Amino acid sequence: KSLDYLAYGLPIINSVKFDTESLISTYNAGFNFSENTIDELIRNLRNLSLNQYEILVQNTYRLFYEKFSIDVFHKNMTSILSERGWIHG
């Protein structure tokens with residue numbers, strides 16, 4: 001579901017560790033939280049200005065298009081298949 005949200009520019013509210021957490025932090029495309037930081041998450045959401053939200057939306061789109069768009073997928077697959085000698089290109 002996260003990819004669908006990213007594709008529509010919806011900032012992510014994330015509790016999943018590892019890759020998703022890193023991407024959200026790196027791109028400032030939403031909020032990461034854990035059970036120990038729920039109060040902080042609620043404060044951040046309550047205090048979010050419209051301008052800050054719009055920046056999150058822009059960052060979310062950028063994350064999707066730089067990491068998960070069809071063009072990026074095609075480029076990565078072509079590279080992998082070429083490395084294995086399955087296609088020439």
# chains A, B, ... in the order shown; residues from 1 in each chain; ligands from 1

$ select_by_dssp --residues "chain A" --states "strand (DSSP E)" --output "PyMOL selection string"
chain A and resi 12-14+30-32

$ residues_around --residues "segment 54-58 of chain A" --least-positions-apart "3" --cutoff "12 Å" --atoms "only C-alpha atoms" --output "JSON list (two decimals) with C-alpha atoms, in the first residue's frame"
[["chain", "number", "residue", "atom", "x", "y", "z"],
["A", 5, "TYR", "CA", 0.18, 6.31, -1.21],
["A", 6, "LEU", "CA", 3.50, 7.57, -2.55],
["A", 7, "ALA", "CA", 2.20, 7.56, -6.12],
["A", 8, "TYR", "CA", -0.67, 9.83, -5.06],
["A", 9, "GLY", "CA", 1.57, 12.15, -3.06],
["A", 10, "LEU", "CA", 0.18, 11.11, 0.31],
["A", 11, "PRO", "CA", 2.80, 11.51, 3.03],
["A", 12, "ILE", "CA", 3.38, 8.26, 4.92],
["A", 13, "ILE", "CA", 2.76, 7.70, 8.61],
["A", 24, "ILE", "CA", 10.72, 8.40, 4.75],
["A", 25, "SER", "CA", 13.54, 10.04, 6.72],
["A", 26, "THR", "CA", 15.83, 10.62, 3.74],
["A", 27, "TYR", "CA", 13.11, 12.19, 1.60],
["A", 28, "ASN", "CA", 11.17, 13.85, 4.43],
["A", 29, "ALA", "CA", 8.07, 12.19, 2.97],
["A", 30, "GLY", "CA", 6.06, 11.66, 6.12],
["A", 31, "PHE", "CA", 6.51, 10.55, 9.70],
["A", 45, "LEU", "CA", 0.54, 16.14, 13.11],
["A", 48, "LEU", "CA", 1.70, 20.70, 10.87],
["A", 49, "SER", "CA", 1.10, 23.85, 8.84],
["A", 50, "LEU", "CA", -0.35, 23.85, 5.35],
["A", 51, "ASN", "CA", 3.05, 24.87, 3.97],
["A", 61, "TYR", "CA", 6.06, 12.60, -5.12],
["A", 62, "ARG", "CA", 9.83, 13.01, -5.51],
["A", 63, "LEU", "CA", 10.47, 9.82, -3.53],
["A", 64, "PHE", "CA", 8.04, 7.87, -5.72],
["A", 65, "TYR", "CA", 9.39, 9.17, -9.02]]

$ atom_distance --atom1 "atom CA of Phe68 of chain A" --atom2 "atom CA of Leu41 of chain A"
26.2 Å

$ closest_residue --among "A:Asn59, A:Arg46, A:Tyr53, A:Glu40" --to "Leu23 of chain A" --atoms "only C-alpha atoms"
A:Asn59

$ atom_distance --atom1 "atom CA of Asp39 of chain A" --atom2 "atom CA of Val16 of chain A"
17.3 Å

$ residues_around --residues "segment 71-79 of chain A" --least-positions-apart "5" --cutoff "9 Å" --atoms "only C-alpha atoms" --output "list in words"
Tyr65, Glu66, Arg84, Ile87, His88 and Gly89 of chain A

$ select_by_dssp --residues "chain A" --states "alpha helix (DSSP H)" --output "PyMOL selection string"
chain A and resi 2-7+19-27+38-46+50-67+70-83

$ decode --residues "chain A" --atoms "C-alpha atoms" --output "tab-separated table (two decimals), in the first residue's frame"
chain	number	residue	atom	x	y	z
A	1	LYS	CA	0.00	0.00	0.00
A	2	SER	CA	2.84	2.40	0.68
A	3	LEU	CA	3.67	2.60	-3.03
A	4	ASP	CA	0.07	3.55	-3.81
A	5	TYR	CA	0.18	6.31	-1.21
A	6	LEU	CA	3.50	7.57	-2.55
A	7	ALA	CA	2.20	7.56	-6.12
A	8	TYR	CA	-0.67	9.83	-5.06
A	9	GLY	CA	1.57	12.15	-3.06
A	10	LEU	CA	0.18	11.11	0.31
A	11	PRO	CA	2.80	11.51	3.03
A	12	ILE	CA	3.38	8.26	4.92
A	13	ILE	CA	2.76	7.70	8.61
A	14	ASN	CA	5.08	4.76	9.11
A	15	SER	CA	5.89	2.32	11.89
A	16	VAL	CA	7.85	-0.15	9.70
A	17	LYS	CA	11.58	-0.28	10.32
A	18	PHE	CA	14.40	-0.71	7.81
A	19	ASP	CA	13.96	0.45	4.18
A	20	THR	CA	10.65	2.27	4.58
A	21	GLU	CA	11.86	4.12	7.65
A	22	SER	CA	15.05	5.16	5.89
A	23	LEU	CA	13.25	6.36	2.75
A	24	ILE	CA	10.72	8.40	4.75
A	25	SER	CA	13.54	10.04	6.72
A	26	THR	CA	15.83	10.62	3.74
A	27	TYR	CA	13.11	12.19	1.60
A	28	ASN	CA	11.17	13.85	4.43
A	29	ALA	CA	8.07	12.19	2.97
A	30	GLY	CA	6.06	11.66	6.12
A	31	PHE	CA	6.51	10.55	9.70
A	32	ASN	CA	8.16	7.54	11.29
A	33	PHE	CA	6.99	6.48	14.72
A	34	SER	CA	7.15	3.66	17.22
A	35	GLU	CA	4.98	2.77	20.18
A	36	ASN	CA	7.30	4.97	22.28
A	37	THR	CA	6.85	8.04	20.08
A	38	ILE	CA	3.09	8.13	19.44
A	39	ASP	CA	2.63	11.28	21.53
A	40	GLU	CA	5.35	13.02	19.52
A	41	LEU	CA	3.69	11.90	16.28
A	42	ILE	CA	0.35	13.33	17.42
A	43	ARG	CA	2.02	16.64	18.36
A	44	ASN	CA	3.77	16.82	14.99
A	45	LEU	CA	0.54	16.14	13.11
A	46	ARG	CA	-1.42	18.70	15.14
A	47	ASN	CA	1.22	21.37	14.59
A	48	LEU	CA	1.70	20.70	10.87
A	49	SER	CA	1.10	23.85	8.84
A	50	LEU	CA	-0.35	23.85	5.35
A	51	ASN	CA	3.05	24.87	3.97
A	52	GLN	CA	4.77	22.01	5.80
A	53	TYR	CA	2.14	19.59	4.49
A	54	GLU	CA	2.65	20.81	0.92
A	55	ILE	CA	6.41	20.24	1.30
A	56	LEU	CA	5.74	16.68	2.52
A	57	VAL	CA	3.50	16.11	-0.52
A	58	GLN	CA	6.20	17.36	-2.91
A	59	ASN	CA	8.80	15.19	-1.18
A	60	THR	CA	6.49	12.18	-1.37
A	61	TYR	CA	6.06	12.60	-5.12
A	62	ARG	CA	9.83	13.01	-5.51
A	63	LEU	CA	10.47	9.82	-3.53
A	64	PHE	CA	8.04	7.87	-5.72
A	65	TYR	CA	9.39	9.17	-9.02
A	66	GLU	CA	13.05	8.76	-8.05
A	67	LYS	CA	12.72	5.27	-6.57
A	68	PHE	CA	9.56	3.53	-7.80
A	69	SER	CA	8.28	5.01	-11.07
A	70	ILE	CA	7.87	2.79	-14.12
A	71	ASP	CA	10.86	4.51	-15.74
A	72	VAL	CA	13.09	3.69	-12.77
A	73	PHE	CA	11.76	0.12	-12.68
A	74	HIS	CA	12.45	-0.33	-16.39
A	75	LYS	CA	15.96	1.10	-16.09
A	76	ASN	CA	16.78	-1.15	-13.12
A	77	MET	CA	15.37	-4.27	-14.76
A	78	THR	CA	17.23	-3.56	-18.00
A	79	SER	CA	20.45	-3.14	-16.04
A	80	ILE	CA	19.95	-6.39	-14.11
A	81	LEU	CA	19.05	-8.37	-17.22
A	82	SER	CA	22.00	-6.91	-19.14
A	83	GLU	CA	24.41	-7.76	-16.32
A	84	ARG	CA	23.24	-11.38	-16.49
A	85	GLY	CA	23.59	-11.43	-20.28
A	86	TRP	CA	19.89	-12.08	-20.79
A	87	ILE	CA	19.46	-8.99	-22.95
A	88	HIS	CA	21.81	-6.77	-24.86
A	89	GLY	CA	21.24	-3.12	-24.54
